[in-house]
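K.L.:
Just so it is clear, I am handing over entry30.pdb, which has PDB, C-alpha atoms and all ligand atoms.
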```
ATOM      1  CA  MET A   1      79.815 111.475 106.581
ATOM      2  CA  THR A   2      82.817 113.184 104.988
ATOM      3  CA  SER A   3      86.005 113.310 107.068
ATOM      4  CA  SER A   4      88.171 116.408 107.027
ATOM      5  CA  TRP A   5      90.906 114.578 105.077
ATOM      6  CA  GLN A   6      88.386 113.764 102.353
ATOM      7  CA  SER A   7      87.432 117.437 102.112
ATOM      8  CA  ILE A   8      91.136 118.365 101.882
ATOM      9  CA  LEU A   9      91.659 115.776  99.136
ATOM     10  CA  ARG A  10      89.003 117.563  97.075
ATOM     11  CA  THR A  11      91.097 120.741  97.098
ATOM     12  CA  ASN A  12      93.982 119.022  95.234
ATOM     13  CA  PHE A  13      95.265 120.721  92.110
ATOM     14  CA  THR A  14      94.032 118.707  89.114
ATOM     15  CA  SER A  15      94.312 121.394  86.441
ATOM     16  CA  VAL A  16      97.723 122.006  84.857
ATOM     17  CA  ASP A  17      96.771 125.623  84.093
ATOM     18  CA  GLU A  18      95.685 126.308  87.659
ATOM     19  CA  LEU A  19      98.841 124.865  89.197
ATOM     20  CA  ALA A  20     101.014 126.686  86.635
ATOM     21  CA  ALA A  21      99.240 129.969  87.471
ATOM     22  CA  TYR A  22      99.586 129.317  91.230
ATOM     23  CA  LEU A  23     103.334 128.762  90.756
ATOM     24  CA  GLN A  24     103.582 131.831  88.512
ATOM     25  CA  LEU A  25     105.264 129.873  85.741
ATOM     26  CA  GLY A  26     106.405 131.816  82.694
ATOM     27  CA  GLU A  27     105.739 130.936  79.055
ATOM     28  CA  GLU A  28     108.987 128.992  78.658
ATOM     29  CA  ASP A  29     108.191 126.687  81.569
ATOM     30  CA  ARG A  30     104.551 126.279  80.542
ATOM     31  CA  ALA A  31     105.665 125.197  77.064
ATOM     32  CA  GLN A  32     107.398 122.194  78.670
ATOM     33  CA  LEU A  33     104.218 120.954  80.322
ATOM     34  CA  LEU A  34     101.847 118.377  78.919
ATOM     35  CA  ALA A  35      98.382 119.890  79.099
ATOM     36  CA  LYS A  36      96.765 116.442  79.054
ATOM     37  CA  SER A  37      97.990 113.015  80.061
ATOM     38  CA  PRO A  38      96.183 109.725  80.731
ATOM     39  CA  PHE A  39      97.895 109.825  84.158
ATOM     40  CA  THR A  40      96.353 113.096  85.232
ATOM     41  CA  LEU A  41      97.801 115.856  87.387
ATOM     42  CA  ASN A  42      96.947 115.394  91.054
ATOM     43  CA  VAL A  43      98.792 117.442  93.691
ATOM     44  CA  PRO A  44      97.711 118.280  97.251
ATOM     45  CA  GLU A  45      97.781 121.978  98.137
ATOM     46  CA  ARG A  46     100.298 121.247 100.915
ATOM     47  CA  LEU A  47     102.872 120.013  98.380
ATOM     48  CA  ALA A  48     102.106 122.781  95.879
ATOM     49  CA  ALA A  49     102.664 125.345  98.653
ATOM     50  CA  LYS A  50     106.196 123.990  99.133
ATOM     51  CA  MET A  51     107.159 124.341  95.448
ATOM     52  CA  ALA A  52     109.379 127.258  94.408
ATOM     53  CA  LYS A  53     107.530 129.985  92.518
ATOM     54  CA  GLY A  54     108.377 130.999  88.957
ATOM     55  CA  THR A  55     110.350 127.877  88.029
ATOM     56  CA  LEU A  56     110.002 124.206  87.168
ATOM     57  CA  ASP A  57     113.480 123.660  88.513
ATOM     58  CA  ASP A  58     112.215 122.464  91.870
ATOM     59  CA  PRO A  59     112.528 118.952  93.328
ATOM     60  CA  LEU A  60     108.850 118.826  94.284
ATOM     61  CA  ALA A  61     107.426 120.322  91.086
ATOM     62  CA  ARG A  62     109.475 117.891  88.992
ATOM     63  CA  GLN A  63     107.808 114.904  90.646
ATOM     64  CA  PHE A  64     104.263 115.950  89.774
ATOM     65  CA  PHE A  65     104.111 117.955  86.529
ATOM     66  CA  ALA A  66     103.762 115.961  83.307
ATOM     67  CA  HIS A  67     106.589 117.007  81.001
ATOM     68  CA  THR A  68     106.483 116.855  77.203
ATOM     69  CA  LEU A  69     109.451 114.424  77.441
ATOM     70  CA  GLU A  70     106.972 111.816  78.728
ATOM     71  CA  THR A  71     105.629 111.380  75.200
ATOM     72  CA  LYS A  72     109.054 110.217  73.929
ATOM     73  CA  GLN A  73     109.657 106.461  73.921
ATOM     74  CA  GLY A  74     112.758 105.549  75.947
ATOM     75  CA  GLU A  75     114.417 102.258  75.078
ATOM     76  CA  GLY A  76     113.492  99.599  77.613
ATOM     77  CA  PHE A  77     110.781 101.732  79.252
ATOM     78  CA  LEU A  78     107.568  99.738  79.501
ATOM     79  CA  ASP A  79     103.934  99.987  80.626
ATOM     80  CA  ASP A  80     104.503  97.230  83.206
ATOM     81  CA  PRO A  81     108.232  97.461  84.014
ATOM     82  CA  ASN A  82     108.052  95.001  86.903
ATOM     83  CA  ALA A  83     106.023  92.446  84.914
ATOM     84  CA  GLU A  84     103.398  92.425  87.641
ATOM     85  CA  SER A  85     100.860  90.839  85.306
ATOM     86  CA  LEU A  86     102.855  87.593  85.731
ATOM     87  CA  TYR A  87     102.328  87.564  89.502
ATOM     88  CA  THR A  88      98.585  88.194  89.729
ATOM     89  CA  LEU A  89      96.672  85.811  92.013
ATOM     90  CA  THR A  90      93.260  87.492  92.036
ATOM     91  CA  GLY A  91      91.890  90.740  90.619
ATOM     92  CA  LYS A  92      93.562  92.730  93.370
ATOM     93  CA  MET A  93      96.300  90.453  94.726
ATOM     94  CA  LEU A  94      99.870  89.704  93.648
ATOM     95  CA  LYS A  95     102.450  87.296  94.985
ATOM     96  CA  LYS A  96     105.995  88.170  93.957
ATOM     97  CA  TYR A  97     108.015  86.894  96.899
ATOM     98  CA  ALA A  98     107.899  83.889  99.242
ATOM     99  CA  GLY A  99     105.634  84.267 102.255
ATOM    100  CA  ARG A 100     104.233  87.621 101.187
ATOM    101  CA  ALA A 101     101.156  88.685  99.242
ATOM    102  CA  LEU A 102     100.434  92.226  98.079
ATOM    103  CA  ILE A 103      96.924  93.622  97.766
ATOM    104  CA  VAL A 104      96.426  96.473  95.309
ATOM    105  CA  THR A 105      93.695  97.947  97.481
ATOM    106  CA  THR A 106      92.642 100.870  95.268
ATOM    107  CA  SER A 107      93.696 102.905  92.251
ATOM    108  CA  ALA A 108      93.344 106.171  94.169
ATOM    109  CA  CYS A 109      96.229 108.201  95.603
ATOM    110  CA  ALA A 110      96.622 111.516  97.383
ATOM    111  CA  MET A 111      98.944 112.556  94.539
ATOM    112  CA  HIS A 112     100.154 111.332  91.147
ATOM    113  CA  CYS A 113     103.914 110.839  90.905
ATOM    114  CA  ARG A 114     105.133 110.914  87.317
ATOM    115  CA  TYR A 115     107.557 107.987  87.790
ATOM    116  CA  CYS A 116     104.934 105.685  89.367
ATOM    117  CA  PHE A 117     105.430 102.147  88.052
ATOM    118  CA  ARG A 118     101.719 101.394  88.503
ATOM    119  CA  GLN A 119     100.463 104.319  86.430
ATOM    120  CA  ASN A 120      99.243 101.875  83.744
ATOM    121  CA  TYR A 121      98.122  99.146  86.148
ATOM    122  CA  PRO A 122      94.833  97.444  85.158
ATOM    123  CA  TYR A 123      93.117  98.179  88.484
ATOM    124  CA  GLU A 124      90.225  95.842  89.258
ATOM    125  CA  LYS A 125      87.217  98.048  89.953
ATOM    126  CA  GLU A 126      84.292  95.650  89.561
ATOM    127  CA  LYS A 127      84.266  94.262  93.087
ATOM    128  CA  ALA A 128      84.221  96.748  95.954
ATOM    129  CA  ASP A 129      84.961  94.080  98.559
ATOM    130  CA  PHE A 130      88.082  92.015  99.243
ATOM    131  CA  GLU A 131      86.387  88.631  99.711
ATOM    132  CA  GLU A 132      88.363  86.921  96.948
ATOM    133  CA  GLU A 133      91.644  88.263  98.358
ATOM    134  CA  LEU A 134      90.795  87.277 101.938
ATOM    135  CA  SER A 135      89.841  83.821 100.773
ATOM    136  CA  GLY A 136      93.195  83.546  98.923
ATOM    137  CA  LEU A 137      95.066  84.617 102.058
ATOM    138  CA  ARG A 138      93.189  82.085 104.207
ATOM    139  CA  SER A 139      93.958  79.183 101.902
ATOM    140  CA  ASP A 140      97.696  79.866 101.416
ATOM    141  CA  THR A 141      99.289  78.937 104.733
ATOM    142  CA  SER A 142     102.773  79.707 103.398
ATOM    143  CA  LEU A 143     101.979  83.421 103.731
ATOM    144  CA  PHE A 144     103.102  85.292 106.820
ATOM    145  CA  GLU A 145     102.808  88.897 105.620
ATOM    146  CA  VAL A 146     100.240  90.931 103.712
ATOM    147  CA  ILE A 147     101.305  94.173 102.048
ATOM    148  CA  LEU A 148      98.563  96.729 101.498
ATOM    149  CA  SER A 149      99.497  98.864  98.544
ATOM    150  CA  GLY A 150      97.769 100.536  95.625
ATOM    151  CA  GLY A 151      97.307 103.222  94.570
ATOM    152  CA  ASP A 152      97.419 104.177  98.199
ATOM    153  CA  PRO A 153      95.684 102.087 100.869
ATOM    154  CA  LEU A 154      95.063 105.227 102.922
ATOM    155  CA  SER A 155      92.728 106.398 100.137
ATOM    156  CA  LEU A 156      90.243 103.801 101.366
ATOM    157  CA  PRO A 157      87.556 105.164 103.685
ATOM    158  CA  ASP A 158      87.976 103.908 107.248
ATOM    159  CA  ARG A 159      85.000 101.557 107.016
ATOM    160  CA  ARG A 160      86.420  99.664 104.016
ATOM    161  CA  LEU A 161      89.877  99.646 105.519
ATOM    162  CA  MET A 162      88.486  98.272 108.770
ATOM    163  CA  THR A 163      86.668  95.423 107.012
ATOM    164  CA  LEU A 164      89.868  94.474 105.206
ATOM    165  CA  LEU A 165      92.086  94.755 108.281
ATOM    166  CA  GLU A 166      89.696  92.799 110.475
ATOM    167  CA  GLY A 167      89.535  90.081 107.836
ATOM    168  CA  ILE A 168      93.334  89.814 107.721
ATOM    169  CA  ASP A 169      93.633  90.056 111.502
ATOM    170  CA  ALA A 170      91.480  86.933 111.836
ATOM    171  CA  ILE A 171      93.792  84.745 109.699
ATOM    172  CA  PRO A 172      96.022  82.787 112.110
ATOM    173  CA  HIS A 173      99.064  82.293 109.836
ATOM    174  CA  ILE A 174      99.374  85.985 108.901
ATOM    175  CA  GLN A 175     101.782  87.659 111.326
ATOM    176  CA  LEU A 176     102.489  91.019 109.738
ATOM    177  CA  ILE A 177     100.418  93.645 107.926
ATOM    178  CA  ARG A 178     102.517  96.134 106.011
ATOM    179  CA  PHE A 179     101.281  99.438 104.603
ATOM    180  CA  HIS A 180     102.917 101.106 101.627
ATOM    181  CA  THR A 181     101.706 104.699 101.537
ATOM    182  CA  ARG A 182     102.589 108.218 100.441
ATOM    183  CA  PHE A 183      99.317 109.740 101.645
ATOM    184  CA  PRO A 184     100.581 111.454 104.854
ATOM    185  CA  ILE A 185     103.213 113.317 102.829
ATOM    186  CA  GLY A 186     100.459 115.208 101.015
ATOM    187  CA  ILE A 187      97.583 115.022 103.511
ATOM    188  CA  PRO A 188      98.821 114.279 107.042
ATOM    189  CA  GLU A 189      95.283 114.991 108.290
ATOM    190  CA  ARG A 190      94.532 111.418 107.112
ATOM    191  CA  ILE A 191      96.145 110.208 110.345
ATOM    192  CA  ASP A 192      93.229 111.342 112.490
ATOM    193  CA  ASP A 193      91.831 109.905 115.727
ATOM    194  CA  ALA A 194      89.514 107.481 113.911
ATOM    195  CA  PHE A 195      92.396 106.119 111.853
ATOM    196  CA  LEU A 196      94.588 105.676 114.925
ATOM    197  CA  ASP A 197      91.734 103.907 116.753
ATOM    198  CA  LEU A 198      91.453 101.558 113.810
ATOM    199  CA  PHE A 199      95.178 100.745 113.896
ATOM    200  CA  ALA A 200      95.081 100.311 117.675
ATOM    201  CA  SER A 201      92.274  97.753 117.349
ATOM    202  CA  ILE A 202      94.359  95.388 115.191
ATOM    203  CA  ASN A 203      96.181  92.572 116.981
ATOM    204  CA  LYS A 204      98.731  91.688 114.312
ATOM    205  CA  GLN A 205     101.937  93.684 114.038
ATOM    206  CA  ILE A 206     101.505  96.548 111.583
ATOM    207  CA  VAL A 207     104.548  97.925 109.740
ATOM    208  CA  PHE A 208     104.104 101.355 108.166
ATOM    209  CA  VAL A 209     106.293 102.206 105.171
ATOM    210  CA  VAL A 210     106.038 105.774 103.942
ATOM    211  CA  HIS A 211     107.238 106.844 100.494
ATOM    212  CA  VAL A 212     109.210 110.095 100.699
ATOM    213  CA  ASN A 213     111.778 111.470  98.274
ATOM    214  CA  HIS A 214     112.905 114.850  99.549
ATOM    215  CA  ALA A 215     113.488 116.418 102.966
ATOM    216  CA  ARG A 216     111.116 119.274 102.092
ATOM    217  CA  GLU A 217     108.253 116.771 101.937
ATOM    218  CA  LEU A 218     108.659 116.317 105.705
ATOM    219  CA  ASP A 219     107.164 119.323 107.500
ATOM    220  CA  SER A 220     106.182 119.396 111.164
ATOM    221  CA  ASP A 221     102.561 118.301 110.489
ATOM    222  CA  VAL A 222     103.721 115.341 108.408
ATOM    223  CA  LEU A 223     106.244 114.311 111.059
ATOM    224  CA  PHE A 224     103.665 114.726 113.829
ATOM    225  CA  SER A 225     101.226 112.442 111.989
ATOM    226  CA  LEU A 226     103.916 109.767 111.626
ATOM    227  CA  LYS A 227     104.922 110.163 115.275
ATOM    228  CA  ARG A 228     101.327 109.392 116.280
ATOM    229  CA  ILE A 229     101.626 106.079 114.447
ATOM    230  CA  GLN A 230     104.965 105.316 116.092
ATOM    231  CA  LYS A 231     103.390 105.912 119.493
ATOM    232  CA  LEU A 232     101.134 102.920 118.862
ATOM    233  CA  GLY A 233     104.209 100.690 118.753
ATOM    234  CA  ILE A 234     104.124 100.532 114.967
ATOM    235  CA  PRO A 235     107.516 100.792 113.254
ATOM    236  CA  VAL A 236     107.606 103.512 110.594
ATOM    237  CA  LEU A 237     110.074 102.919 107.754
ATOM    238  CA  SER A 238     110.723 104.949 104.633
ATOM    239  CA  GLN A 239     111.236 104.129 100.998
ATOM    240  CA  SER A 240     112.451 106.590  98.425
ATOM    241  CA  VAL A 241     113.058 106.531  94.703
ATOM    242  CA  LEU A 242     116.360 107.882  93.443
ATOM    243  CA  LEU A 243     115.285 110.550  90.935
ATOM    244  CA  LYS A 244     117.434 112.714  88.676
ATOM    245  CA  ASP A 245     117.243 116.412  89.571
ATOM    246  CA  VAL A 246     115.053 115.605  92.571
ATOM    247  CA  ASN A 247     117.282 113.879  95.114
ATOM    248  CA  ASP A 248     120.368 112.647  93.215
ATOM    249  CA  THR A 249     122.950 114.595  95.190
ATOM    250  CA  VAL A 250     124.822 113.618  98.335
ATOM    251  CA  GLU A 251     123.446 116.701 100.098
ATOM    252  CA  ALA A 252     119.803 115.970  99.245
ATOM    253  CA  LEU A 253     120.073 112.318 100.268
ATOM    254  CA  GLU A 254     121.986 113.092 103.435
ATOM    255  CA  GLU A 255     119.442 115.712 104.508
ATOM    256  CA  LEU A 256     116.533 113.350 103.822
ATOM    257  CA  MET A 257     118.001 110.298 105.574
ATOM    258  CA  LEU A 258     119.137 112.321 108.570
ATOM    259  CA  LYS A 259     115.748 114.015 108.940
ATOM    260  CA  LEU A 260     114.002 110.653 108.764
ATOM    261  CA  SER A 261     116.344 109.070 111.308
ATOM    262  CA  ALA A 262     116.147 112.046 113.657
ATOM    263  CA  ASN A 263     112.384 111.555 113.713
ATOM    264  CA  GLY A 264     112.534 107.849 114.445
ATOM    265  CA  ILE A 265     111.766 106.776 110.865
ATOM    266  CA  ILE A 266     114.082 104.038 109.621
ATOM    267  CA  PRO A 267     115.377 104.551 106.063
ATOM    268  CA  TYR A 268     114.547 101.193 104.472
ATOM    269  CA  TYR A 269     114.923 101.285 100.688
ATOM    270  CA  LEU A 270     116.337 103.682  98.112
ATOM    271  CA  HIS A 271     114.921 102.323  94.864
ATOM    272  CA  GLN A 272     116.425 102.629  91.472
ATOM    273  CA  LEU A 273     113.742 103.858  89.072
ATOM    274  CA  ASP A 274     111.324 101.248  87.788
ATOM    275  CA  ARG A 275     111.534 101.896  84.068
ATOM    276  CA  VAL A 276     107.930 102.785  83.357
ATOM    277  CA  ARG A 277     107.122 104.297  79.963
ATOM    278  CA  GLY A 278     107.749 108.056  79.873
ATOM    279  CA  SER A 279     109.876 108.223  83.023
ATOM    280  CA  GLN A 280     113.341 108.226  81.425
ATOM    281  CA  ARG A 281     114.043 111.843  82.472
ATOM    282  CA  PHE A 282     114.230 110.604  86.088
ATOM    283  CA  GLU A 283     116.785 107.850  85.577
ATOM    284  CA  VAL A 284     120.089 107.848  87.467
ATOM    285  CA  GLY A 285     122.687 105.329  86.245
ATOM    286  CA  ASP A 286     123.654 102.438  88.545
ATOM    287  CA  GLU A 287     127.273 103.547  88.791
ATOM    288  CA  ARG A 288     126.293 107.004  89.988
ATOM    289  CA  ALA A 289     123.643 105.591  92.331
ATOM    290  CA  ILE A 290     126.202 103.260  93.924
ATOM    291  CA  ALA A 291     128.681 106.131  94.297
ATOM    292  CA  LEU A 292     126.019 108.307  95.961
ATOM    293  CA  ILE A 293     124.993 105.683  98.489
ATOM    294  CA  GLY A 294     128.689 105.013  99.181
ATOM    295  CA  GLN A 295     129.169 108.683 100.053
ATOM    296  CA  ILE A 296     126.080 108.627 102.284
ATOM    297  CA  ARG A 297     127.533 105.619 104.078
ATOM    298  CA  GLU A 298     130.654 107.649 104.830
ATOM    299  CA  ARG A 299     128.588 110.483 106.334
ATOM    300  CA  LEU A 300     125.797 108.827 108.311
ATOM    301  CA  PRO A 301     125.476 106.005 110.831
ATOM    302  CA  GLY A 302     124.627 102.639 109.319
ATOM    303  CA  TYR A 303     121.030 102.695 110.566
ATOM    304  CA  ALA A 304     120.424 105.916 108.610
ATOM    305  CA  VAL A 305     121.558 104.447 105.277
ATOM    306  CA  PRO A 306     118.860 102.735 103.187
ATOM    307  CA  GLN A 307     119.546  99.743 100.991
ATOM    308  CA  LEU A 308     119.956 100.749  97.363
ATOM    309  CA  VAL A 309     117.869  98.253  95.391
ATOM    310  CA  ARG A 310     116.422  97.543  92.014
ATOM    311  CA  GLU A 311     113.390  95.415  91.267
ATOM    312  CA  ILE A 312     114.146  92.850  88.581
ATOM    313  CA  PRO A 313     111.168  90.786  87.389
ATOM    314  CA  GLY A 314     111.611  87.118  88.246
ATOM    315  CA  HIS A 315     114.114  87.699  91.041
ATOM    316  CA  LEU A 316     113.094  86.227  94.392
ATOM    317  CA  HIS A 317     113.775  89.485  96.243
ATOM    318  CA  LYS A 318     114.722  93.085  95.505
ATOM    319  CA  THR A 319     118.264  93.149  94.163
ATOM    320  CA  PRO A 320     120.733  95.198  96.246
ATOM    321  CA  LEU A 321     123.212  97.350  94.344
ATOM    322  CA  LEU A 322     126.318  97.053  96.435
ATOM    323  CA  VAL A 323     128.993  99.606  97.202
ATOM    324  CA  PRO A 324     132.486  98.181  96.607
ATOM    325  CA  ARG A 325     134.509  97.934  99.804
ATOM    326  CA  THR A 326     137.242 100.538  99.946
ATOM    327  CA  LEU A 327     139.956 101.386 102.417
ATOM    328  CA  ARG A 328     140.315 104.938 103.612
ATOM    329  CA  GLU A 329     143.516 106.404 102.188
ATOM    330  CA  SER A 330     145.943 107.419 104.906
TER     331      SER A 330
HETATM  332  S1  LIG B 401     101.521 107.767  95.663
HETATM  333 FE1  LIG B 401     102.563 105.841  95.176
HETATM  334  S2  LIG B 401     101.051 104.629  94.048
HETATM  335 FE2  LIG B 401     100.344 106.776  94.042
HETATM  336  S3  LIG B 401     101.135 107.682  92.163
HETATM  337 FE3  LIG B 401     102.648 108.093  93.775
HETATM  338  S4  LIG B 401     104.086 106.384  93.630
HETATM  339 FE4  LIG B 401     102.243 105.758  92.536
END
```
Give the structure from this file in structure tokens form.
P.N.:
Amino acid sequence: MTSSWQSILRTNFTSVDELAAYLQLGEEDRAQLLAKSPFTLNVPERLAAKMAKGTLDDPLARQFFAHTLETKQGEGFLDDPNAESLYTLTGKMLKKYAGRALIVTTSACAMHCRYCFRQNYPYEKEKADFEEELSGLRSDTSLFEVILSGGDPLSLPDRRLMTLLEGIDAIPHIQLIRFHTRFPIGIPERIDDAFLDLFASINKQIVFVVHVNHARELDSDVLFSLKRIQKLGIPVLSQSVLLKDVNDTVEALEELMLKLSANGIIPYYLHQLDRVRGSQRFEVGDERAIALIGQIRERLPGYAVPQLVREIPGHLHKTPLLVPRTLRES
């Protein structure tokens, strides 16, 4: 049976021409777009409806349209910027940090973000089940947390997700199950009654981390869907990527972090860009990033300020970029 969220997913824009026509883009803007890319266009109607018409100069449009600049090779921009191939345990499982394993549950997402560091990931598609991963989790008693990532774990149909969650739930040494998702930002209908029943049936503590980059991504339906998860006693945290001309101003970051906090969502990480091939147009320098987060710290309460971090392959944790301590001038 097809759920309503699966029907909505099928209405995503996948044609560059159709999205350009919907946004009434002129010839000059269209000339900047890549008609074809191995990482194809994929945008939910909800997000397209929020994009400004007649321009590419929009923080949402920028995240999803392939730009001709993507074909230029930026120095230090790689297919696998986080060297994830070094941390692979099984076809679908990675272990980068102590105590935690990450399952790349699927290659599918509700949307394709142009800066995604897994856009070239060699997704394992042979085995539909997670038996090898569950067996790996059972045998490594040093693990206390499993991170379900992707792609987007909410792309999995409920039945497959349930099998995976029940398998993890039955492993005594696993204490936490973390979701990394962007799905509700594009298709909040994914958080339906069946999904909430599934979450409610799990005994382990679930932690729900939603990827959101701009305040306009958070409309009332999106916030309502996340509130329904919170009402199950599941903490909802956010992670964002600092992106040039998307959210790299004090005003944009302040609005986003305040909106998240005011809706009970804890700003967790603000990531520096993972330098994936073709994404150089999104990069914000460390000095500017540190200055921005410093200004946010001066405007918002501490709990509303995410940690600014960078992932550096081989490091035992994400590396915080720290704001120098300053004294207010009198
Ligand atoms: S939703 Fe997440 S995994 Fe999917 S393309 Fe965007 S950043 Fe990548």
K.L.:
Residues contacting ligand LIG 401 (chain B) - anything with an atom at most 6 Å away, using only C-alpha atoms and all ligand atoms - can you give me those as a VMD selection string?
P.N.:
chain A and resid 109 111 to 113 116 118 150 to 152 182
K.L.:
On this structure, which residues satisfy the PyMOL selection byres (((chain A and resi 160) around 12) and not hetatm), written as a ChimeraX atom specification?
P.N.:
/A:105-106,128-131,153-159,161-167,195,198
K.L.:
With all atoms listed in the file counted, which protein, DNA or RNA residues have an atom no more than 12 Å from (121.0, 117.6, 101.2) in the file frame? Please answer as a ChimeraX atom specification.
P.N.:
/A:59,213-216,246-259,292,296,299
K.L.:
Under the rule of at most 12 Å, produce a per-residue listing of stretch 106-222 of chain A near stretch 33-45 of chain A: chain, number, name, the closest pair of atoms, and the distance in Å, as CSV, using only C-alpha atoms.
P.N.:
```
residue,atom,partner,partner_atom,distance
A:Ser107,CA,A:Phe39,CA,11.4
A:Ala108,CA,A:Asn42,CA,10.4
A:Cys109,CA,A:Asn42,CA,8.5
A:Ala110,CA,A:Pro44,CA,6.9
A:Met111,CA,A:Asn42,CA,4.9
A:His112,CA,A:Asn42,CA,5.2
A:Cys113,CA,A:Asn42,CA,8.3
A:Arg114,CA,A:Phe39,CA,8.0
A:Tyr115,CA,A:Phe39,CA,10.5
A:Cys116,CA,A:Phe39,CA,9.7
A:Phe117,CA,A:Phe39,CA,11.4
A:Arg118,CA,A:Phe39,CA,10.2
A:Gln119,CA,A:Phe39,CA,6.5
A:Asn120,CA,A:Phe39,CA,8.1
A:Tyr121,CA,A:Phe39,CA,10.9
A:Arg182,CA,A:Pro44,CA,11.6
A:Phe183,CA,A:Pro44,CA,9.7
A:Pro184,CA,A:Pro44,CA,10.6
A:Ile185,CA,A:Pro44,CA,9.3
A:Gly186,CA,A:Pro44,CA,5.6
A:Ile187,CA,A:Pro44,CA,7.1
A:Pro188,CA,A:Pro44,CA,10.6
A:Glu189,CA,A:Pro44,CA,11.8
A:Glu217,CA,A:Pro44,CA,11.6
```
K.L.:
With a distance cut-off of 8 Å and all atoms listed in the file, select the neighbouring residues of A:Gln175, excluding the residue or stretch itself and same-chain residues fewer than 5 positions from it, and output the selection as a PyMOL selection string.
P.N.:
chain A and resi 144-145+204-205
K.L.:
How about saving the chosen residues, C-alpha atoms kept, as a PDB file, keeping the file's coordinate frame?
P.N.:
```pdb
ATOM      1  CA  PHE A 144     103.102  85.292 106.820  1.00  0.00           C
ATOM      2  CA  GLU A 145     102.808  88.897 105.620  1.00  0.00           C
ATOM      3  CA  LYS A 204      98.731  91.688 114.312  1.00  0.00           C
ATOM      4  CA  GLN A 205     101.937  93.684 114.038  1.00  0.00           C
TER       5      GLN A 205
END
```
K.L.:
Evaluated on this file, the PyMOL selection byres (((chain A and resi 98) around 9) and not hetatm) picks out some residues - which ones are they, written as a list in words?
P.N.:
Lys95, Lys96, Tyr97, Gly99, Arg100, Ala101, Ser142, Leu143, Leu316 and His317 of chain A
K.L.:
Counting only C-alpha atoms, which residue out of A:Gly285, A:Gly76, A:Pro122, A:Gly136 sits closest to A:Lys244?
P.N.:
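Between A:Gly285, A:Gly76, A:Pro122, A:Gly136, the residue approaching A:Lys244 most closely is A:Gly285.
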K.L.:
Expand the PyMOL selection byres (((chain A and resi 196) around 12) and not hetatm) into the individual residues it matches in the shown file, reporting them as a PyMOL selection string.
P.N.:
chain A and resi 158+162+189-195+197-202+206+225-234
K.L.:
List every protein, DNA or RNA residue with an atom no more than 10 Å from (124.4, 104.2, 91.4) in the file's coordinates, counting only C-alpha atoms, and format the result as a list in words.
P.N.:
Leu242, Asp248, Gln272, Val284, Gly285, Asp286, Glu287, Arg288, Ala289, Ile290, Ala291, Leu292, Ile293, Gly294, Leu308, Val309, Leu321, Leu322 and Val323 of chain A
K.L.:
I'd like to know which of A:Thr181, A:Ser220, A:Thr2, A:Gln63 is closest to A:Asp245, using only C-alpha atoms.
P.N.:
A:Gln63
K.L.:
For stretch 212-224 of chain A, take all atoms listed in the file, fit an axis-aligned box around them, add 8 Å to each of the six sides, then output centre and edge lengths in Å rounded to one decimal, as AutoDock Vina command-line options.
P.N.:
```
--center_x 108.0 --center_y 114.7 --center_z 106.1 --size_x 26.9 --size_y 25.3 --size_z 31.6
```
